[in-house]
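Visitor: input_19.txt is reproduced below (compact mmCIF, C-alpha atoms and all ligand atoms).
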# COMPACT_ATOMS: atom_id res chain seq x y z
CA MET A 1 101.20 118.68 36.12
CA LYS A 2 100.33 119.79 32.59
CA ILE A 3 100.97 116.94 30.22
CA ILE A 4 100.69 116.67 26.47
CA MET A 5 100.27 113.28 24.81
CA LEU A 6 101.88 113.02 21.38
CA GLY A 7 101.90 110.13 18.94
CA ALA A 8 100.35 108.83 15.75
CA PRO A 9 96.63 108.13 15.59
CA GLY A 10 96.14 104.79 17.37
CA ALA A 11 99.48 104.88 19.20
CA GLY A 12 97.72 104.62 22.55
CA LYS A 13 97.57 108.27 23.66
CA GLY A 14 93.99 107.99 24.84
CA THR A 15 94.59 104.69 26.62
CA GLN A 16 97.57 106.08 28.54
CA ALA A 17 95.85 109.43 29.17
CA GLU A 18 92.93 107.64 30.82
CA LYS A 19 95.32 105.79 33.15
CA ILE A 20 97.24 108.98 33.95
CA ALA A 21 94.01 110.82 34.72
CA GLU A 22 92.97 108.10 37.14
CA LYS A 23 96.34 107.79 38.91
CA TYR A 24 97.12 111.50 39.24
CA GLN A 25 93.50 112.66 39.58
CA ILE A 26 93.62 115.27 36.84
CA PRO A 27 91.20 115.77 33.95
CA HIS A 28 91.76 114.01 30.61
CA ILE A 29 91.01 116.47 27.84
CA SER A 30 90.62 114.79 24.46
CA THR A 31 89.84 117.11 21.57
CA GLY A 32 88.69 114.10 19.52
CA ASP A 33 86.16 113.22 22.26
CA ILE A 34 84.98 116.84 22.41
CA PHE A 35 84.41 116.88 18.65
CA ARG A 36 82.63 113.52 18.69
CA ALA A 37 80.34 114.73 21.49
CA ASN A 38 79.53 117.83 19.43
CA ILE A 39 78.87 115.70 16.35
CA SER A 40 76.48 113.41 18.19
CA GLU A 41 74.69 116.43 19.71
CA GLY A 42 74.45 118.04 16.25
CA THR A 43 76.00 121.37 17.31
CA ALA A 44 77.29 123.93 14.79
CA LEU A 45 80.86 123.09 15.81
CA GLY A 46 80.15 119.39 15.36
CA LYS A 47 78.78 119.94 11.87
CA LYS A 48 81.84 121.91 10.78
CA ALA A 49 84.30 119.53 12.43
CA ALA A 50 82.68 116.46 10.85
CA GLU A 51 83.50 117.73 7.35
CA TYR A 52 87.18 117.28 8.18
CA ILE A 53 87.10 114.36 10.59
CA ASP A 54 85.21 112.10 8.17
CA GLN A 55 87.95 112.62 5.59
CA GLY A 56 90.76 112.00 8.08
CA LEU A 57 91.91 115.61 7.87
CA LEU A 58 92.65 117.96 10.75
CA VAL A 59 89.98 120.39 11.85
CA PRO A 60 91.26 123.96 11.21
CA ASP A 61 93.31 125.43 14.06
CA GLU A 62 90.83 128.24 14.71
CA LEU A 63 88.07 125.74 15.53
CA VAL A 64 90.22 123.98 18.09
CA VAL A 65 92.41 126.48 19.89
CA ASP A 66 89.75 128.59 21.65
CA LEU A 67 87.92 125.49 22.73
CA VAL A 68 91.03 124.11 24.48
CA VAL A 69 92.05 127.47 25.94
CA ASP A 70 88.54 127.84 27.43
CA ARG A 71 88.69 124.30 28.79
CA ILE A 72 92.02 124.76 30.62
CA HIS A 73 90.63 127.85 32.34
CA GLN A 74 87.96 125.73 34.07
CA PRO A 75 88.45 125.30 37.83
CA ASP A 76 88.99 121.51 37.60
CA CYS A 77 92.19 122.26 35.65
CA ASP A 78 93.81 124.16 38.54
CA LYS A 79 95.99 121.20 39.53
CA GLY A 80 96.82 120.19 35.97
CA TYR A 81 95.48 118.13 33.11
CA ILE A 82 96.41 115.86 30.23
CA LEU A 83 95.88 117.10 26.72
CA ASP A 84 95.23 114.18 24.39
CA GLY A 85 95.10 115.03 20.70
CA PHE A 86 96.09 118.67 21.17
CA PRO A 87 98.28 120.34 20.01
CA ARG A 88 98.44 118.70 16.58
CA THR A 89 100.13 121.48 14.60
CA ILE A 90 102.95 123.94 15.34
CA PRO A 91 100.53 126.93 15.33
CA GLN A 92 98.35 125.11 17.91
CA ALA A 93 101.42 124.53 20.10
CA GLU A 94 102.41 128.19 19.83
CA CYS A 95 98.89 129.32 20.79
CA LEU A 96 98.94 126.96 23.77
CA ASP A 97 102.32 128.24 24.94
CA LYS A 98 101.08 131.81 24.65
CA ALA A 99 97.89 131.08 26.58
CA LEU A 100 99.84 129.27 29.31
CA ALA A 101 102.37 132.12 29.55
CA GLU A 102 99.46 134.54 30.06
CA MET A 103 98.24 132.25 32.87
CA GLY A 104 101.74 132.34 34.39
CA THR A 105 102.49 128.68 33.73
CA SER A 106 103.87 126.29 31.11
CA VAL A 107 103.72 122.71 29.87
CA THR A 108 105.35 120.19 32.27
CA CYS A 109 106.26 117.67 29.57
CA ALA A 110 105.16 116.18 26.28
CA ILE A 111 105.08 112.38 26.16
CA ASP A 112 105.46 110.79 22.73
CA VAL A 113 103.94 107.32 22.52
CA ASP A 114 106.10 105.92 19.76
CA VAL A 115 104.57 103.24 17.50
CA PRO A 116 105.60 102.56 13.89
CA ASP A 117 103.00 102.87 11.13
CA GLN A 118 102.86 99.10 10.48
CA ALA A 119 101.37 98.47 13.92
CA ILE A 120 98.83 101.28 13.66
CA ILE A 121 96.36 99.90 11.13
CA ARG A 122 95.87 96.74 13.21
CA ARG A 123 95.23 98.77 16.34
CA MET A 124 92.72 101.00 14.61
CA SER A 125 90.75 98.24 12.95
CA GLY A 126 90.24 96.59 16.36
CA ARG A 127 89.58 99.80 18.29
CA ARG A 128 86.16 100.16 19.89
CA ALA A 129 85.14 103.28 21.77
CA CYS A 130 82.44 104.17 24.25
CA LEU A 131 80.82 107.37 23.04
CA HIS A 132 79.15 107.79 26.42
CA CYS A 133 82.18 107.84 28.79
CA GLY A 134 85.14 107.95 26.39
CA ALA A 135 86.66 104.59 27.41
CA THR A 136 88.66 102.83 24.69
CA TYR A 137 88.95 99.11 24.02
CA HIS A 138 90.54 96.78 21.51
CA ILE A 139 88.87 93.55 20.40
CA GLU A 140 92.18 91.62 20.86
CA TYR A 141 94.48 93.69 23.07
CA ALA A 142 92.08 95.28 25.55
CA ALA A 143 88.76 93.50 25.21
CA PRO A 144 85.77 94.50 27.36
CA GLU A 145 84.37 91.83 29.71
CA LYS A 146 81.13 91.59 27.75
CA GLU A 147 81.42 91.72 24.00
CA ASN A 148 80.75 95.22 22.65
CA ILE A 149 79.64 96.63 26.03
CA CYS A 150 81.59 99.27 27.99
CA ASP A 151 82.96 97.89 31.31
CA LYS A 152 82.73 101.32 32.90
CA CYS A 153 79.23 102.47 32.00
CA GLY A 154 77.42 99.62 30.22
CA SER A 155 76.89 101.51 26.96
CA GLU A 156 77.26 99.86 23.58
CA LEU A 157 80.69 100.23 21.97
CA HIS A 158 81.24 101.88 18.64
CA HIS A 159 83.67 101.34 15.75
CA ARG A 160 84.68 104.81 14.62
CA GLU A 161 83.90 105.59 10.99
CA ASP A 162 87.30 107.29 10.62
CA ASP A 163 89.08 104.10 11.81
CA LYS A 164 88.53 102.30 8.52
CA GLU A 165 91.72 101.46 6.69
CA GLU A 166 91.56 104.07 3.89
CA THR A 167 90.93 106.93 6.31
CA VAL A 168 93.61 105.68 8.69
CA LYS A 169 96.13 105.90 5.84
CA THR A 170 95.20 109.55 5.28
CA ARG A 171 95.39 110.23 9.00
CA LEU A 172 98.87 108.73 9.18
CA LYS A 173 100.03 110.95 6.33
CA VAL A 174 98.50 113.99 8.02
CA TYR A 175 100.26 112.97 11.24
CA HIS A 176 103.67 112.79 9.57
CA ASP A 177 103.17 116.08 7.71
CA GLN A 178 101.54 118.23 10.37
CA THR A 179 101.92 116.70 13.83
CA GLN A 180 105.29 114.97 13.88
CA PRO A 181 107.14 118.33 13.68
CA LEU A 182 105.91 118.86 17.26
CA LEU A 183 108.46 116.28 18.43
CA ALA A 184 111.30 118.62 17.45
CA TYR A 185 109.39 121.60 18.85
CA TYR A 186 109.17 120.08 22.35
CA ARG A 187 112.60 118.44 22.13
CA GLU A 188 114.19 121.84 21.57
CA LYS A 189 112.44 123.11 24.68
CA GLY A 190 113.80 120.15 26.65
CA MET A 191 110.24 118.94 27.35
CA LEU A 192 110.01 115.82 25.19
CA LYS A 193 109.88 112.33 26.70
CA VAL A 194 109.55 109.28 24.46
CA VAL A 195 108.05 105.94 25.49
CA ASP A 196 108.08 102.78 23.37
CA GLY A 197 104.37 102.30 22.65
CA THR A 198 104.72 98.91 20.99
CA ARG A 199 104.77 97.09 24.34
CA ASP A 200 101.83 95.87 26.38
CA LEU A 201 99.74 98.79 27.64
CA ASP A 202 100.64 98.22 31.31
CA GLU A 203 104.34 98.23 30.43
CA VAL A 204 103.89 101.46 28.52
CA PHE A 205 102.15 102.91 31.57
CA ARG A 206 105.07 101.89 33.83
CA SER A 207 107.39 103.97 31.64
CA VAL A 208 104.96 106.88 31.86
CA VAL A 209 104.94 106.67 35.67
CA GLU A 210 108.76 106.62 35.68
CA ILE A 211 108.64 109.93 33.83
CA LEU A 212 105.92 111.56 35.91
CA GLY A 213 106.92 110.15 39.31
CA GLU A 214 104.93 107.92 41.68
P1 LIG B 1 93.19 109.61 17.44
O1 LIG B 1 92.75 109.12 18.79
O2 LIG B 1 93.11 108.55 16.44
O3 LIG B 1 94.52 110.26 17.46
P2 LIG B 1 91.37 111.77 17.85
O4 LIG B 1 90.20 111.18 18.52
O5 LIG B 1 92.35 112.48 18.71
O6 LIG B 1 92.10 110.67 16.98
O7 LIG B 1 90.90 112.78 16.72
C1 LIG B 1 89.95 112.41 15.75
C2 LIG B 1 89.88 113.49 14.68
O8 LIG B 1 89.46 114.72 15.29
C3 LIG B 1 91.20 113.81 14.01
O9 LIG B 1 91.47 112.94 12.91
C4 LIG B 1 90.96 115.25 13.56
O10 LIG B 1 90.15 115.30 12.40
C5 LIG B 1 90.14 115.82 14.70
N1 LIG B 1 90.99 116.48 15.73
C6 LIG B 1 91.15 116.10 17.02
N2 LIG B 1 91.99 116.92 17.67
C7 LIG B 1 92.38 117.86 16.76
C8 LIG B 1 93.26 118.98 16.80
N3 LIG B 1 93.94 119.30 17.92
N4 LIG B 1 93.42 119.69 15.66
C9 LIG B 1 92.77 119.38 14.53
N5 LIG B 1 91.93 118.35 14.42
C10 LIG B 1 91.73 117.58 15.52
P1 LIG B 2 95.12 107.08 20.30
O1 LIG B 2 94.39 107.82 21.38
O2 LIG B 2 96.59 107.40 20.25
O3 LIG B 2 94.47 107.23 18.97
P2 LIG B 2 94.08 104.66 21.59
O4 LIG B 2 94.48 104.83 23.01
O5 LIG B 2 92.66 104.89 21.25
O6 LIG B 2 95.05 105.52 20.63
O7 LIG B 2 94.52 103.18 21.13
C1 LIG B 2 94.23 102.70 19.81
C2 LIG B 2 93.79 101.23 19.90
O8 LIG B 2 94.89 100.41 20.31
C3 LIG B 2 92.70 100.98 20.94
O9 LIG B 2 91.86 99.97 20.46
C4 LIG B 2 93.45 100.54 22.19
O10 LIG B 2 92.65 99.68 23.01
C5 LIG B 2 94.64 99.79 21.58
N1 LIG B 2 95.87 99.95 22.37
C6 LIG B 2 96.30 101.03 23.09
N2 LIG B 2 97.50 100.82 23.64
C7 LIG B 2 97.87 99.56 23.27
C8 LIG B 2 99.04 98.73 23.53
N3 LIG B 2 100.08 99.19 24.27
N4 LIG B 2 99.04 97.51 22.96
C9 LIG B 2 98.02 97.07 22.19
N5 LIG B 2 96.91 97.78 21.92
C10 LIG B 2 96.83 99.01 22.45
ZN ZN B 3 81.46 103.84 28.72
As structure tokens - that is how I would like this structure written.

Guide:
Amino acid sequence: MKIIMLGAPGAGKGTQAEKIAEKYQIPHISTGDIFRANISEGTALGKKAAEYIDQGLLVPDELVVDLVVDRIHQPDCDKGYILDGFPRTIPQAECLDKALAEMGTSVTCAIDVDVPDQAIIRRMSGRRACLHCGATYHIEYAAPEKENICDKCGSELHHREDDKEETVKTRLKVYHDQTQPLLAYYREKGMLKVVDGTRDLDEVFRSVVEILGE
């Protein structure tokens, strides 16, 4: 099961990917989380990536593709995985297809979590993330049990710098220009599934399970 999560920033890709990973016991690979880990560790990759991320722009394809291709060759990916936040451009999708073809496999499906722009800013301003374990919360829609503390690992939660309103507007524009064309790319291959992401997160997950099977 090799699944791609598509959707605007804040649509709920990460939230659904976490639930999929748990139910189907496959790794959740988030390129955003990988970059943020590199930034907090101060690696060379993190320093380069931060120049783009802070402005709400995409990190150049060449900084992302090899990292993902290496990751999916790891033994824990043998039974499948969920890619969350990758691919984000047509060239990234083409590189992924090529790498998978060389491995003798292909993408199972791409799930688009569909949420209109108006709903996005509200989701992003309330988003809180655990930098330690990657769990995602929302102060209204998915609040942690203890304010600002991760339910899963007890770390303090963090409001991402790139989730402020001005940067979110740039990210939405970048999404429409560079990432949305992937919907047609996977639709033409017969791989695209769309779920209505405006509903409650458990309802969205039920639609995902209908697609992937129990
Ligand atoms: P969101 O969850 O809001 O969709 P992510 O955590 O996936 O955001 O990504 C945060 C930032 O990391 C993006 O705005 C972008 O700068 C960078 N990034 C993540 N994945 C990619 C990718 N596949 N290609 C280019 N940039 C990426
Ligand atoms: P993405 O990975 O697509 O950027 P996230 O999964 O991080 O999006 O979700 C963005 C914010 O919206 C988070 O604060 C999350 O808790 C919240 N959220 C996710 N799905 C839903 C939903 N169906 N309804 C309301 N809020 C949601
Ligand atoms: Zn945590």

Visitor: Residues near Gly7 in chain A, anyone? I mean within 10 Å using all atoms listed in the file, not counting same-chain ones fewer than 3 positions away, as a list in words.

Guide: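 After dropping sequence-adjacent residues, the list is Gly10, Ala11, Gly12, Lys13, Asp84, Gly85, Arg88, Ile111, Asp112, Val113, Asp114, Val115, Pro116, Tyr175, His176, Thr179, Gln180, Leu182, Leu183, Val194, Val195 and Gly197 of chain A.
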
Visitor: Within 9 Å of ligand ZN 3 (chain B) (counting all atoms listed in the file), which residues show up? I'd like them as number ranges by chain.

Guide: A: 129-136, 149-157

Visitor: Counting only C-alpha atoms and all ligand atoms, name the residues that have an atom within 8 Å of an atom of ligand LIG 1 (chain B); the answer should be given as a CSV table (one decimal) with C-alpha atoms, in the coordinates of the input.

Guide:
chain,number,residue,atom,x,y,z
A,7,GLY,CA,101.9,110.1,18.9
A,8,ALA,CA,100.4,108.8,15.8
A,9,PRO,CA,96.6,108.1,15.6
A,10,GLY,CA,96.1,104.8,17.4
A,11,ALA,CA,99.5,104.9,19.2
A,12,GLY,CA,97.7,104.6,22.6
A,13,LYS,CA,97.6,108.3,23.7
A,14,GLY,CA,94.0,108.0,24.8
A,30,SER,CA,90.6,114.8,24.5
A,31,THR,CA,89.8,117.1,21.6
A,32,GLY,CA,88.7,114.1,19.5
A,33,ASP,CA,86.2,113.2,22.3
A,35,PHE,CA,84.4,116.9,18.6
A,36,ARG,CA,82.6,113.5,18.7
A,49,ALA,CA,84.3,119.5,12.4
A,50,ALA,CA,82.7,116.5,10.8
A,52,TYR,CA,87.2,117.3,8.2
A,53,ILE,CA,87.1,114.4,10.6
A,54,ASP,CA,85.2,112.1,8.2
A,55,GLN,CA,88.0,112.6,5.6
A,56,GLY,CA,90.8,112.0,8.1
A,57,LEU,CA,91.9,115.6,7.9
A,58,LEU,CA,92.6,118.0,10.8
A,59,VAL,CA,90.0,120.4,11.8
A,60,PRO,CA,91.3,124.0,11.2
A,61,ASP,CA,93.3,125.4,14.1
A,63,LEU,CA,88.1,125.7,15.5
A,64,VAL,CA,90.2,124.0,18.1
A,65,VAL,CA,92.4,126.5,19.9
A,84,ASP,CA,95.2,114.2,24.4
A,85,GLY,CA,95.1,115.0,20.7
A,86,PHE,CA,96.1,118.7,21.2
A,87,PRO,CA,98.3,120.3,20.0
A,88,ARG,CA,98.4,118.7,16.6
A,89,THR,CA,100.1,121.5,14.6
A,92,GLN,CA,98.4,125.1,17.9
A,124,MET,CA,92.7,101.0,14.6
A,162,ASP,CA,87.3,107.3,10.6
A,163,ASP,CA,89.1,104.1,11.8
A,171,ARG,CA,95.4,110.2,9.0

Visitor: Please compute the CA of Arg123 in chain A-CA of His158 in chain A distance, one decimal, in Å.

Guide: 14.5 Å

Visitor: Could you state the separation of CA of Arg199 in chain A and atom C2 of ligand LIG 2 (chain B) in Å, given to one decimal place?

Guide: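 Computing it gives 12.5 Å between the two atoms.
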
Visitor: For a test of reading the model, state the distance in Å between CA of Lys23 in chain A and CA of Ser125 in chain A, rounded to one decimal.

Guide: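 The value is 28.2 Å.
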